[in-house]
$ cat final_15.csv   # CSV, C-alpha atoms (C1' of nucleotides)
chain,number,residue,atom,x,y,z
A,17,MET,CA,0.0,0.0,0.0
A,18,ALA,CA,2.9,2.4,0.7
A,19,ALA,CA,3.4,4.5,-2.4
A,20,ARG,CA,7.0,4.6,-3.7
A,21,LEU,CA,8.2,8.1,-3.7
A,22,ASP,CA,11.6,9.5,-4.6
A,23,GLU,CA,13.4,12.3,-3.0
A,24,MET,CA,11.8,14.9,-5.3
A,25,ASP,CA,8.3,13.7,-4.4
A,26,ARG,CA,9.1,14.0,-0.7
A,27,LYS,CA,10.4,17.5,-1.2
A,28,ILE,CA,7.3,18.5,-3.1
A,29,LEU,CA,5.1,17.0,-0.3
A,30,ALA,CA,7.1,18.8,2.3
A,31,ALA,CA,6.5,22.1,0.5
A,32,LEU,CA,2.8,21.5,0.1
A,33,GLN,CA,2.4,20.5,3.7
A,34,GLU,CA,4.0,23.7,4.8
A,35,ASP,CA,2.0,25.9,2.4
A,36,ALA,CA,-0.4,24.5,-0.1
A,37,SER,CA,-0.8,27.9,-1.8
A,38,LEU,CA,2.7,28.0,-3.2
A,39,SER,CA,2.8,28.4,-7.0
A,40,LEU,CA,4.2,25.6,-9.2
A,41,ASP,CA,7.1,27.9,-10.1
A,42,GLU,CA,8.0,28.4,-6.5
A,43,ILE,CA,7.8,24.7,-5.7
A,44,ALA,CA,9.8,23.9,-8.8
A,45,ARG,CA,12.5,26.4,-7.7
A,46,ARG,CA,12.7,24.8,-4.2
A,47,VAL,CA,13.1,21.3,-5.6
A,48,SER,CA,15.4,22.4,-8.4
A,49,SER,CA,13.1,21.4,-11.2
A,50,SER,CA,10.5,23.1,-13.4
A,51,LYS,CA,6.8,23.4,-13.6
A,52,THR,CA,5.7,20.5,-15.7
A,53,PRO,CA,7.4,17.6,-13.9
A,54,VAL,CA,6.3,19.1,-10.5
A,55,TRP,CA,2.8,19.4,-11.8
A,56,ASN,CA,2.8,15.8,-13.1
A,57,ARG,CA,4.1,14.5,-9.8
A,58,ILE,CA,1.5,16.4,-7.8
A,59,ARG,CA,-1.3,15.1,-10.1
A,60,ARG,CA,0.0,11.5,-9.7
A,61,MET,CA,0.2,11.8,-5.9
A,62,LYS,CA,-3.4,13.2,-5.8
A,63,GLU,CA,-4.6,10.3,-8.0
A,64,SER,CA,-2.8,7.7,-5.9
A,65,GLY,CA,-4.3,9.1,-2.7
A,66,VAL,CA,-1.0,10.2,-1.1
A,67,ILE,CA,-2.3,13.8,-1.2
A,68,LEU,CA,-5.8,13.6,0.2
A,69,ARG,CA,-7.0,17.1,-0.1
A,70,THR,CA,-5.9,20.7,0.5
A,71,THR,CA,-7.5,22.6,3.4
A,72,ALA,CA,-7.5,25.8,5.3
A,73,LEU,CA,-6.5,25.4,8.9
A,74,LEU,CA,-8.4,27.6,11.2
A,75,ASP,CA,-7.7,28.9,14.7
A,76,ALA,CA,-10.3,27.1,17.0
A,77,GLU,CA,-9.8,29.7,19.8
A,78,ALA,CA,-10.4,32.6,17.5
A,79,LEU,CA,-13.6,30.9,16.4
A,80,GLY,CA,-14.8,30.6,20.0
A,81,LEU,CA,-14.2,26.8,20.2
A,82,GLU,CA,-12.3,27.1,23.4
A,83,ALA,CA,-12.6,23.7,24.9
A,84,CYS,CA,-10.9,20.5,23.8
A,85,PHE,CA,-11.4,17.1,25.4
A,86,PHE,CA,-9.8,13.7,24.8
A,87,VAL,CA,-12.4,11.1,25.7
A,88,LEU,CA,-11.4,7.6,26.7
A,89,VAL,CA,-14.2,5.1,26.0
A,90,ARG,CA,-14.6,1.6,27.4
A,91,THR,CA,-17.5,-0.5,26.2
A,92,SER,CA,-18.7,-4.0,27.2
A,93,GLU,CA,-20.3,-4.6,23.8
A,94,HIS,CA,-18.1,-5.6,20.9
A,95,ASP,CA,-20.6,-6.9,18.3
A,96,ALA,CA,-20.8,-5.4,14.8
A,97,GLY,CA,-24.2,-3.8,15.4
A,98,TRP,CA,-23.0,-1.8,18.4
A,99,GLN,CA,-19.8,-0.8,16.6
A,100,GLY,CA,-21.6,0.3,13.5
A,101,LYS,CA,-24.0,2.5,15.5
A,102,PHE,CA,-21.1,4.0,17.5
A,103,LEU,CA,-19.2,4.8,14.3
A,104,GLN,CA,-22.3,6.4,12.8
A,105,VAL,CA,-22.7,8.6,15.9
A,106,LEU,CA,-19.1,9.7,15.7
A,107,GLN,CA,-19.3,10.5,12.0
A,108,SER,CA,-22.5,12.5,12.4
A,109,ARG,CA,-21.1,14.6,15.2
A,110,PRO,CA,-19.0,17.5,13.8
A,111,GLU,CA,-17.4,18.2,17.2
A,112,VAL,CA,-15.6,14.8,17.1
A,113,LEU,CA,-12.5,15.7,15.2
A,114,GLU,CA,-10.7,12.3,15.7
A,115,ALA,CA,-11.6,8.9,16.7
A,116,HIS,CA,-9.4,5.8,17.0
A,117,ARG,CA,-10.1,2.2,18.0
A,118,LEU,CA,-7.4,1.2,20.4
A,119,ALA,CA,-5.5,-1.9,21.5
A,120,GLY,CA,-5.7,-2.6,25.2
A,121,ASP,CA,-8.2,-2.0,27.9
A,122,ILE,CA,-9.4,1.4,26.6
A,123,ASP,CA,-11.5,0.7,23.5
A,124,TYR,CA,-11.6,4.1,21.9
A,125,ILE,CA,-10.2,7.6,22.1
A,126,LEU,CA,-12.0,10.6,20.8
A,127,LYS,CA,-10.8,14.2,20.3
A,128,VAL,CA,-13.7,16.6,20.8
A,129,ARG,CA,-13.6,20.3,20.1
A,130,VAL,CA,-16.5,22.5,21.6
A,131,LYS,CA,-17.3,25.9,22.8
A,132,ASN,CA,-17.1,25.2,26.5
A,133,ALA,CA,-17.6,22.6,29.2
A,134,ARG,CA,-21.4,22.8,28.9
A,135,ALA,CA,-21.2,22.1,25.1
A,136,TYR,CA,-19.1,19.0,26.0
A,137,ASP,CA,-21.8,17.8,28.4
A,138,THR,CA,-24.4,18.2,25.7
A,139,PHE,CA,-22.3,16.0,23.4
A,140,TYR,CA,-21.6,13.5,26.2
A,141,GLN,CA,-25.3,13.2,27.1
A,142,ALA,CA,-26.2,12.7,23.4
A,143,LEU,CA,-23.5,10.1,23.0
A,144,ILE,CA,-24.5,7.9,26.0
A,145,SER,CA,-28.1,8.2,25.1
A,146,GLU,CA,-27.4,6.9,21.6
A,147,VAL,CA,-25.0,4.0,22.4
A,148,ARG,CA,-24.4,1.9,25.5
A,149,ILE,CA,-21.0,2.8,26.9
A,150,TYR,CA,-19.4,1.1,29.9
A,151,ASN,CA,-17.1,3.8,31.0
A,152,VAL,CA,-16.0,7.2,29.9
A,153,THR,CA,-13.1,9.4,31.1
A,154,ALA,CA,-12.8,12.9,29.7
A,155,LEU,CA,-9.4,14.6,29.7
A,156,LEU,CA,-9.7,18.3,29.5
A,157,SER,CA,-7.0,20.2,27.6
A,158,MET,CA,-5.7,23.2,29.4
A,159,GLU,CA,-3.3,24.2,26.6
A,160,GLU,CA,-2.5,23.0,23.2
A,161,ILE,CA,1.3,23.0,23.2
A,162,LYS,CA,1.8,21.5,19.8
A,163,SER,CA,-0.6,20.9,16.9
A,164,THR,CA,0.5,20.1,13.4
A,165,THR,CA,-0.8,18.2,10.4
A,166,ILE,CA,2.8,18.0,9.0
A,167,LEU,CA,3.7,14.3,8.8
A,168,PRO,CA,7.4,13.5,9.3
A,169,LEU,CA,8.4,12.5,5.8
A,170,ALA,CA,12.0,12.0,6.8
A,171,LEU,CA,10.9,9.2,9.2
A,172,ALA,CA,8.7,7.6,6.5
A,173,ALA,CA,11.5,6.7,4.1
A,174,ASP,CA,12.0,3.0,3.5
B,6,MET,CA,-10.1,37.2,21.3
B,7,ALA,CA,-13.0,35.5,19.4
B,8,ALA,CA,-13.2,37.2,16.0
B,9,ARG,CA,-16.7,38.4,15.1
B,10,LEU,CA,-17.7,36.7,11.9
B,11,ASP,CA,-21.0,36.9,10.1
B,12,GLU,CA,-22.9,34.2,8.2
B,13,MET,CA,-21.0,34.9,5.0
B,14,ASP,CA,-17.6,34.6,6.7
B,15,ARG,CA,-18.6,31.3,8.1
B,16,LYS,CA,-19.8,30.0,4.7
B,17,ILE,CA,-16.5,31.1,3.2
B,18,LEU,CA,-14.6,29.3,6.0
B,19,ALA,CA,-16.7,26.2,5.5
B,20,ALA,CA,-15.8,26.1,1.8
B,21,LEU,CA,-12.1,26.7,2.4
B,22,GLN,CA,-12.0,24.0,5.1
B,23,GLU,CA,-13.5,21.6,2.7
B,24,ASP,CA,-11.3,22.5,-0.2
B,25,ALA,CA,-8.8,25.3,-0.1
B,26,SER,CA,-8.1,25.1,-3.8
B,27,LEU,CA,-11.5,26.4,-4.8
B,28,SER,CA,-11.4,29.4,-7.0
B,29,LEU,CA,-12.7,32.8,-5.8
B,30,ASP,CA,-15.4,32.6,-8.4
B,31,GLU,CA,-16.6,29.2,-7.2
B,32,ILE,CA,-16.6,30.3,-3.5
B,33,ALA,CA,-18.4,33.5,-4.5
B,34,ARG,CA,-21.0,31.4,-6.3
B,35,ARG,CA,-21.5,29.2,-3.3
B,36,VAL,CA,-22.0,32.1,-0.9
B,37,SER,CA,-24.1,34.0,-3.4
B,38,SER,CA,-21.7,36.9,-3.6
B,39,SER,CA,-19.0,38.0,-6.0
B,40,LYS,CA,-15.2,37.9,-6.1
B,41,THR,CA,-14.2,41.2,-4.5
B,42,PRO,CA,-16.1,40.9,-1.2
B,43,VAL,CA,-15.0,37.3,-0.8
B,44,TRP,CA,-11.4,38.1,-1.5
B,45,ASN,CA,-11.5,41.0,1.0
B,46,ARG,CA,-13.1,38.8,3.7
B,47,ILE,CA,-10.5,36.0,3.1
B,48,ARG,CA,-7.7,38.5,3.3
B,49,ARG,CA,-9.1,40.0,6.5
B,50,MET,CA,-9.5,36.5,8.1
B,51,LYS,CA,-5.9,35.7,7.2
B,52,GLU,CA,-4.6,38.9,8.7
B,53,SER,CA,-6.6,38.5,11.9
B,54,GLY,CA,-5.4,34.9,12.3
B,55,VAL,CA,-8.7,33.1,11.9
B,56,ILE,CA,-7.2,31.4,8.9
B,57,LEU,CA,-3.8,30.1,10.0
B,58,ARG,CA,-2.5,28.6,6.8
B,59,THR,CA,-3.4,26.3,3.9
B,60,THR,CA,-2.0,22.9,3.8
B,61,ALA,CA,-2.0,19.6,1.9
B,62,LEU,CA,-3.3,16.7,4.0
B,63,LEU,CA,-1.4,13.5,3.3
B,64,ASP,CA,-2.3,9.9,3.9
B,65,ALA,CA,0.0,8.7,6.6
B,66,GLU,CA,-0.5,5.0,5.8
B,67,ALA,CA,0.3,5.6,2.1
B,68,LEU,CA,3.6,7.2,3.3
B,69,GLY,CA,4.4,4.2,5.4
B,70,LEU,CA,3.7,5.9,8.7
B,71,GLU,CA,1.5,3.0,9.9
B,72,ALA,CA,1.6,3.4,13.6
B,73,CYS,CA,-0.2,6.0,15.8
B,74,PHE,CA,0.1,6.2,19.5
B,75,PHE,CA,-1.6,8.4,22.1
B,76,VAL,CA,0.8,8.8,25.0
B,77,LEU,CA,-0.4,9.7,28.5
B,78,VAL,CA,2.3,11.4,30.5
B,79,ARG,CA,2.5,11.9,34.2
B,80,THR,CA,5.3,13.9,35.7
B,81,SER,CA,6.4,14.6,39.3
B,82,GLU,CA,8.2,17.8,38.3
B,83,HIS,CA,6.2,20.9,37.7
B,84,ASP,CA,8.8,23.7,37.7
B,85,ALA,CA,9.2,26.0,34.7
B,86,GLY,CA,12.6,24.6,33.8
B,87,TRP,CA,11.3,21.1,33.4
B,88,GLN,CA,8.3,22.3,31.5
B,89,GLY,CA,10.4,24.4,29.1
B,90,LYS,CA,12.7,21.4,28.4
B,91,PHE,CA,9.8,19.1,27.9
B,92,LEU,CA,8.2,21.5,25.5
B,93,GLN,CA,11.4,21.9,23.6
B,94,VAL,CA,11.7,18.2,23.1
B,95,LEU,CA,8.2,17.9,21.8
B,96,GLN,CA,8.7,20.8,19.4
B,97,SER,CA,11.9,19.3,18.1
B,98,ARG,CA,10.4,15.9,17.4
B,99,PRO,CA,8.5,15.8,14.1
B,100,GLU,CA,6.7,12.5,15.0
B,101,VAL,CA,4.8,14.4,17.8
B,102,LEU,CA,1.8,15.7,15.9
B,103,GLU,CA,-0.1,17.0,18.9
B,104,ALA,CA,0.6,17.7,22.5
B,105,HIS,CA,-1.8,19.1,25.2
B,106,ARG,CA,-1.3,20.0,28.8
B,107,LEU,CA,-4.2,18.5,30.7
B,108,ALA,CA,-6.2,19.2,33.8
B,109,GLY,CA,-6.4,16.2,36.2
B,110,ASP,CA,-4.1,13.5,37.2
B,111,ILE,CA,-2.6,12.9,33.7
B,112,ASP,CA,-0.4,15.8,32.9
B,113,TYR,CA,0.0,15.6,29.2
B,114,ILE,CA,-1.3,13.7,26.2
B,115,LEU,CA,0.7,13.4,23.0
B,116,LYS,CA,-0.2,12.0,19.6
B,117,VAL,CA,2.7,10.4,17.9
B,118,ARG,CA,2.9,9.2,14.3
B,119,VAL,CA,5.6,6.7,13.4
B,120,LYS,CA,6.5,3.9,11.0
B,121,ASN,CA,6.1,1.0,13.4
B,122,ALA,CA,6.3,0.0,17.1
B,123,ARG,CA,10.1,-0.1,16.9
B,124,ALA,CA,10.1,3.6,15.8
B,125,TYR,CA,7.8,4.4,18.7
B,126,ASP,CA,10.2,2.8,21.1
B,127,THR,CA,13.1,4.8,19.7
B,128,PHE,CA,11.0,8.0,20.3
B,129,TYR,CA,10.1,6.8,23.8
B,130,GLN,CA,13.7,6.1,24.8
B,131,ALA,CA,14.8,9.5,23.5
B,132,LEU,CA,12.0,11.2,25.4
B,133,ILE,CA,12.7,9.6,28.8
B,134,SER,CA,16.4,10.1,28.4
B,135,GLU,CA,15.9,13.9,27.8
B,136,VAL,CA,13.4,14.7,30.5
B,137,ARG,CA,12.4,13.0,33.8
B,138,ILE,CA,9.0,11.5,33.5
B,139,TYR,CA,7.1,9.7,36.3
B,140,ASN,CA,4.8,7.5,34.3
B,141,VAL,CA,3.9,6.9,30.6
B,142,THR,CA,1.0,5.0,29.2
B,143,ALA,CA,1.0,4.4,25.4
B,144,LEU,CA,-2.3,3.7,23.7
B,145,LEU,CA,-1.9,2.1,20.3
B,146,SER,CA,-4.3,3.0,17.6
B,147,MET,CA,-5.6,-0.1,15.8
B,148,GLU,CA,-7.8,2.0,13.4
B,149,GLU,CA,-8.4,5.6,12.7
B,150,ILE,CA,-12.2,5.7,12.5
B,151,LYS,CA,-12.4,9.5,12.0
B,152,SER,CA,-9.9,12.2,11.3
B,153,THR,CA,-10.8,15.7,10.3
B,154,THR,CA,-9.4,19.1,10.5
B,155,ILE,CA,-12.8,20.6,9.8
B,156,LEU,CA,-13.9,22.7,12.8
B,157,PRO,CA,-17.6,22.7,13.6
B,158,LEU,CA,-18.4,26.3,12.6
B,159,ALA,CA,-22.1,25.9,13.3
B,160,LEU,CA,-21.2,25.1,17.0
B,161,ALA,CA,-18.9,28.1,17.2
B,162,ALA,CA,-21.6,30.8,16.6
B,163,ASP,CA,-22.2,33.2,19.5
C,12,DG,C1',-20.1,45.9,-2.7
C,13,DG,C1',-19.7,45.3,-8.1
C,14,DT,C1',-17.1,45.4,-12.8
C,15,DG,C1',-13.5,44.5,-15.6
C,16,DA,C1',-8.9,44.8,-17.2
C,17,DA,C1',-3.9,43.6,-16.4
C,18,DA,C1',-0.9,40.3,-14.3
C,19,DG,C1',0.0,35.9,-12.9
C,20,DA,C1',-0.6,31.0,-12.5
C,21,DA,C1',-2.4,26.4,-14.0
C,22,DA,C1',-3.2,23.0,-17.3
C,23,DT,C1',-2.0,20.8,-21.5
C,24,DA,C1',0.1,19.9,-26.0
C,25,DG,C1',4.1,19.0,-28.8
C,26,DG,C1',8.8,18.5,-29.3
C,27,DT,C1',13.7,16.8,-27.0
C,28,DT,C1',17.0,14.1,-24.8
D,7,DA,C1',10.0,7.8,-19.3
D,8,DA,C1',10.8,11.9,-17.8
D,9,DC,C1',11.7,16.7,-18.9
D,10,DC,C1',11.5,21.4,-21.3
D,11,DT,C1',9.1,25.1,-24.1
D,12,DA,C1',5.2,27.2,-25.6
D,13,DT,C1',0.3,28.1,-25.8
D,14,DT,C1',-4.3,28.3,-24.0
D,15,DT,C1',-7.3,28.8,-20.3
D,16,DC,C1',-8.4,30.1,-15.8
D,17,DT,C1',-7.5,32.8,-11.5
D,18,DT,C1',-6.0,36.4,-8.7
D,19,DT,C1',-5.4,41.1,-7.9
D,20,DC,C1',-6.5,45.8,-7.9
D,21,DA,C1',-8.0,50.4,-9.8
D,22,DC,C1',-12.2,52.4,-10.6
D,23,DC,C1',-17.5,52.8,-10.5
$ encode --input "final_15.csv" --output "structure tokens"
Amino acid sequence: MAARLDEMDRKILAALQEDASLSLDEIARRVSSSKTPVWNRIRRMKESGVILRTTALLDAEALGLEACFFVLVRTSEHDAGWQGKFLQVLQSRPEVLEAHRLAGDIDYILKVRVKNARAYDTFYQALISEVRIYNVTALLSMEEIKSTTILPLALAAD
Amino acid sequence: MAARLDEMDRKILAALQEDASLSLDEIARRVSSSKTPVWNRIRRMKESGVILRTTALLDAEALGLEACFFVLVRTSEHDAGWQGKFLQVLQSRPEVLEAHRLAGDIDYILKVRVKNARAYDTFYQALISEVRIYNVTALLSMEEIKSTTILPLALAAD
DNA sequence: GGTGAAAGAAATAGGTT
DNA sequence: AACCTATTTCTTTCACC
């Protein structure tokens, strides 16, 4: 599944992760190439799914979304029906930014972004009313000390 | 600190979160306006820091970064010196995608993206050799069931 | 806030090594 | 097969209404 990328592909990805609004000319300059090959490589990486999409990152605090919780979920039900329903609830809730199924005694972790603690409680009540959950621990973030979408390409090399 | 945004600003942000490569014409069409006001609003929101940057989101699995850990950190040291050093280590490590200081008995949570469990161990050994840490629990993600950078603008409204 | 023209960038075609 | 040059088309930017 891992796409084979050469050094130039990685440099292009690094530039696009840093700033997706760079012009082809500027990217070409940075990777010591010219527009056409860079354009072809980007197109290929979009088609192959290495580049998922390009997005504007917003400041949650500036938008008034001042609370962030990590939610540790334990369940006693592990059948497909329950899991499907749980997944559907997570997908339908825009305040759930991330959800992972875990190995070990905690079953799921969620990252939830809301306006305040009250809004989190509204989410929590909705969640437990829609699916049976054995145990929930909410970790409240006091400070986001690092937040990046930039994947470490250097560590990805084969 | 929360910027005041009207309905049109929010619609523009929604479009840009979904696809930052949309043309001004297309965004203007979607928000039932024309290029100039949309362009001015985007510029204002960039200047005011509501829009942080635009980035290409990549597929971590396709790049061979197949392991994701959430790391719960407890420390016994809470002085500024320790905290500064810890922060510096997190910032310098590209595999740390997120780090939050928490309320409650767990002090920090990290999200760490690496190639495999061995690469995580390398990171872990480096971390504990650079700063004193009382207790670490690593939660291994088996499956990313949701992952979005799209903030819920509807829930952000005053 | 709208219009439109000038500048700039993206997308593609055709030729080159 | 990958790159370079040139052309067309689309987009951004900005002065003016």
$ atom_distance --input "final_15.csv" --atom1 "atom CA of Lys51 of chain B" --atom2 "atom CA of Asp75 of chain A"
10.3 Å
$ closest_atom_pairs --input "final_15.csv" --of "chain A" --to "chain B" --cutoff "7 Å" --atoms "only C-alpha atoms" --output "JSON lines"
{"residue": "A:Met17", "atom": "CA", "partner": "B:Ala67", "partner_atom": "CA", "distance": 6.0}
{"residue": "A:Ala18", "atom": "CA", "partner": "B:Ala67", "partner_atom": "CA", "distance": 4.4}
{"residue": "A:Ala19", "atom": "CA", "partner": "B:Ala67", "partner_atom": "CA", "distance": 5.6}
{"residue": "A:Leu32", "atom": "CA", "partner": "B:Ala61", "partner_atom": "CA", "distance": 5.5}
{"residue": "A:Gln33", "atom": "CA", "partner": "B:Ala61", "partner_atom": "CA", "distance": 4.8}
{"residue": "A:Glu34", "atom": "CA", "partner": "B:Thr60", "partner_atom": "CA", "distance": 6.1}
{"residue": "A:Asp35", "atom": "CA", "partner": "B:Thr60", "partner_atom": "CA", "distance": 5.2}
{"residue": "A:Ala36", "atom": "CA", "partner": "B:Thr60", "partner_atom": "CA", "distance": 4.5}
{"residue": "A:Ser37", "atom": "CA", "partner": "B:Thr59", "partner_atom": "CA", "distance": 6.5}
{"residue": "A:Gly65", "atom": "CA", "partner": "B:Asp64", "partner_atom": "CA", "distance": 6.9}
{"residue": "A:Val66", "atom": "CA", "partner": "B:Asp64", "partner_atom": "CA", "distance": 5.2}
{"residue": "A:Ile67", "atom": "CA", "partner": "B:Leu63", "partner_atom": "CA", "distance": 4.6}
{"residue": "A:Leu68", "atom": "CA", "partner": "B:Leu63", "partner_atom": "CA", "distance": 5.4}
{"residue": "A:Arg69", "atom": "CA", "partner": "B:Leu62", "partner_atom": "CA", "distance": 5.5}
{"residue": "A:Thr70", "atom": "CA", "partner": "B:Ala61", "partner_atom": "CA", "distance": 4.3}
{"residue": "A:Thr71", "atom": "CA", "partner": "B:Ala25", "partner_atom": "CA", "distance": 4.6}
{"residue": "A:Ala72", "atom": "CA", "partner": "B:Thr59", "partner_atom": "CA", "distance": 4.4}
{"residue": "A:Leu73", "atom": "CA", "partner": "B:Leu57", "partner_atom": "CA", "distance": 5.5}
{"residue": "A:Leu74", "atom": "CA", "partner": "B:Ile56", "partner_atom": "CA", "distance": 4.6}
{"residue": "A:Asp75", "atom": "CA", "partner": "B:Val55", "partner_atom": "CA", "distance": 5.1}
{"residue": "A:Glu77", "atom": "CA", "partner": "B:Ala7", "partner_atom": "CA", "distance": 6.6}
{"residue": "A:Ala78", "atom": "CA", "partner": "B:Ala7", "partner_atom": "CA", "distance": 4.3}
{"residue": "A:Leu79", "atom": "CA", "partner": "B:Ala7", "partner_atom": "CA", "distance": 5.5}
{"residue": "A:Gly80", "atom": "CA", "partner": "B:Ala7", "partner_atom": "CA", "distance": 5.3}
{"residue": "A:Leu81", "atom": "CA", "partner": "B:Ala161", "partner_atom": "CA", "distance": 5.7}
{"residue": "A:Gln107", "atom": "CA", "partner": "B:Lys151", "partner_atom": "CA", "distance": 7.0}
{"residue": "A:Pro110", "atom": "CA", "partner": "B:Pro157", "partner_atom": "CA", "distance": 5.4}
{"residue": "A:Glu111", "atom": "CA", "partner": "B:Pro157", "partner_atom": "CA", "distance": 5.8}
{"residue": "A:Leu113", "atom": "CA", "partner": "B:Thr153", "partner_atom": "CA", "distance": 5.2}
{"residue": "A:Glu114", "atom": "CA", "partner": "B:Ser152", "partner_atom": "CA", "distance": 4.5}
{"residue": "A:Ala115", "atom": "CA", "partner": "B:Lys151", "partner_atom": "CA", "distance": 4.8}
{"residue": "A:His116", "atom": "CA", "partner": "B:Glu149", "partner_atom": "CA", "distance": 4.4}
{"residue": "A:Arg117", "atom": "CA", "partner": "B:Glu148", "partner_atom": "CA", "distance": 5.1}
{"residue": "A:Leu118", "atom": "CA", "partner": "B:Ser146", "partner_atom": "CA", "distance": 4.5}
{"residue": "A:Ala119", "atom": "CA", "partner": "B:Leu145", "partner_atom": "CA", "distance": 5.5}
{"residue": "A:Lys131", "atom": "CA", "partner": "B:Ala161", "partner_atom": "CA", "distance": 6.2}
{"residue": "A:Leu155", "atom": "CA", "partner": "B:Leu107", "partner_atom": "CA", "distance": 6.6}
{"residue": "A:Leu156", "atom": "CA", "partner": "B:Ala108", "partner_atom": "CA", "distance": 5.6}
{"residue": "A:Ser157", "atom": "CA", "partner": "B:Leu107", "partner_atom": "CA", "distance": 4.5}
{"residue": "A:Met158", "atom": "CA", "partner": "B:Leu107", "partner_atom": "CA", "distance": 5.1}
{"residue": "A:Glu159", "atom": "CA", "partner": "B:Arg106", "partner_atom": "CA", "distance": 5.1}
{"residue": "A:Glu160", "atom": "CA", "partner": "B:His105", "partner_atom": "CA", "distance": 4.4}
{"residue": "A:Ile161", "atom": "CA", "partner": "B:His105", "partner_atom": "CA", "distance": 5.4}
{"residue": "A:Lys162", "atom": "CA", "partner": "B:Ala104", "partner_atom": "CA", "distance": 4.8}
{"residue": "A:Ser163", "atom": "CA", "partner": "B:Glu103", "partner_atom": "CA", "distance": 4.4}
{"residue": "A:Thr164", "atom": "CA", "partner": "B:Leu102", "partner_atom": "CA", "distance": 5.2}
{"residue": "A:Thr165", "atom": "CA", "partner": "B:Leu102", "partner_atom": "CA", "distance": 6.6}
{"residue": "A:Pro168", "atom": "CA", "partner": "B:Pro99", "partner_atom": "CA", "distance": 5.4}
{"residue": "A:Ala172", "atom": "CA", "partner": "B:Gly69", "partner_atom": "CA", "distance": 5.6}
$ residues_around --input "final_15.csv" --residues "segment 13-26 of chain C" --least-positions-apart "4" --cutoff "8 Å" --atoms "all atoms listed in the file" --output "PDB file with C-alpha atoms (C1' of nucleotides), keeping the file's coordinate frame"
ATOM      1  CA  SER A  39       2.800  28.400  -7.000  1.00  0.00           C
ATOM      2  CA  LEU A  40       4.200  25.600  -9.200  1.00  0.00           C
TER       3      LEU A  40
ATOM      4  CA  SER B  39     -19.000  38.000  -6.000  1.00  0.00           C
ATOM      5  CA  THR B  41     -14.200  41.200  -4.500  1.00  0.00           C
TER       6      THR B  41
ATOM      7  C1'  DT D  15      -7.300  28.800 -20.300  1.00  0.00           C
ATOM      8  C1'  DC D  16      -8.400  30.100 -15.800  1.00  0.00           C
ATOM      9  C1'  DT D  17      -7.500  32.800 -11.500  1.00  0.00           C
ATOM     10  C1'  DT D  18      -6.000  36.400  -8.700  1.00  0.00           C
ATOM     11  C1'  DT D  19      -5.400  41.100  -7.900  1.00  0.00           C
ATOM     12  C1'  DC D  23     -17.500  52.800 -10.500  1.00  0.00           C
TER      13       DC D  23
END
$ residues_around --input "final_15.csv" --residues "Glu93 of chain A" --least-positions-apart "5" --cutoff "10 Å" --atoms "all atoms listed in the file" --output "tab-separated table (two decimals) with C-alpha atoms, keeping the file's coordinate frame"
chain	number	residue	atom	x	y	z
A	98	TRP	CA	-23.00	-1.80	18.40
A	99	GLN	CA	-19.80	-0.80	16.60
A	147	VAL	CA	-25.00	4.00	22.40
A	148	ARG	CA	-24.40	1.90	25.50
A	149	ILE	CA	-21.00	2.80	26.90
A	150	TYR	CA	-19.40	1.10	29.90
$ closest_residue --input "final_15.csv" --among "B:Lys40, B:Asn140, B:Leu132, B:Asp126" --to "Leu77 of chain B" --atoms "only C-alpha atoms"
B:Asn140
$ axis_aligned_box --input "final_15.csv" --around "segment 17-21 of chain D" --padding-each-side "8 Å" --output "AutoDock Vina command-line options"
--center_x -6.7 --center_y 41.6 --center_z -9.7 --size_x 18.6 --size_y 33.6 --size_z 19.6
$ atom_distance --input "final_15.csv" --atom1 "atom CA of Gln130 of chain B" --atom2 "atom CA of Phe91 of chain B"
13.9 Å
$ atom_distance --input "final_15.csv" --atom1 "atom CA of Val94 of chain B" --atom2 "atom CA of Val76 of chain B"
14.5 Å
$ interface_residues --input "final_15.csv" --of "chain D" --to "chain A" --cutoff "9 Å" --atoms "all atoms listed in the file" --output "ChimeraX atom specification"
/D:8-10
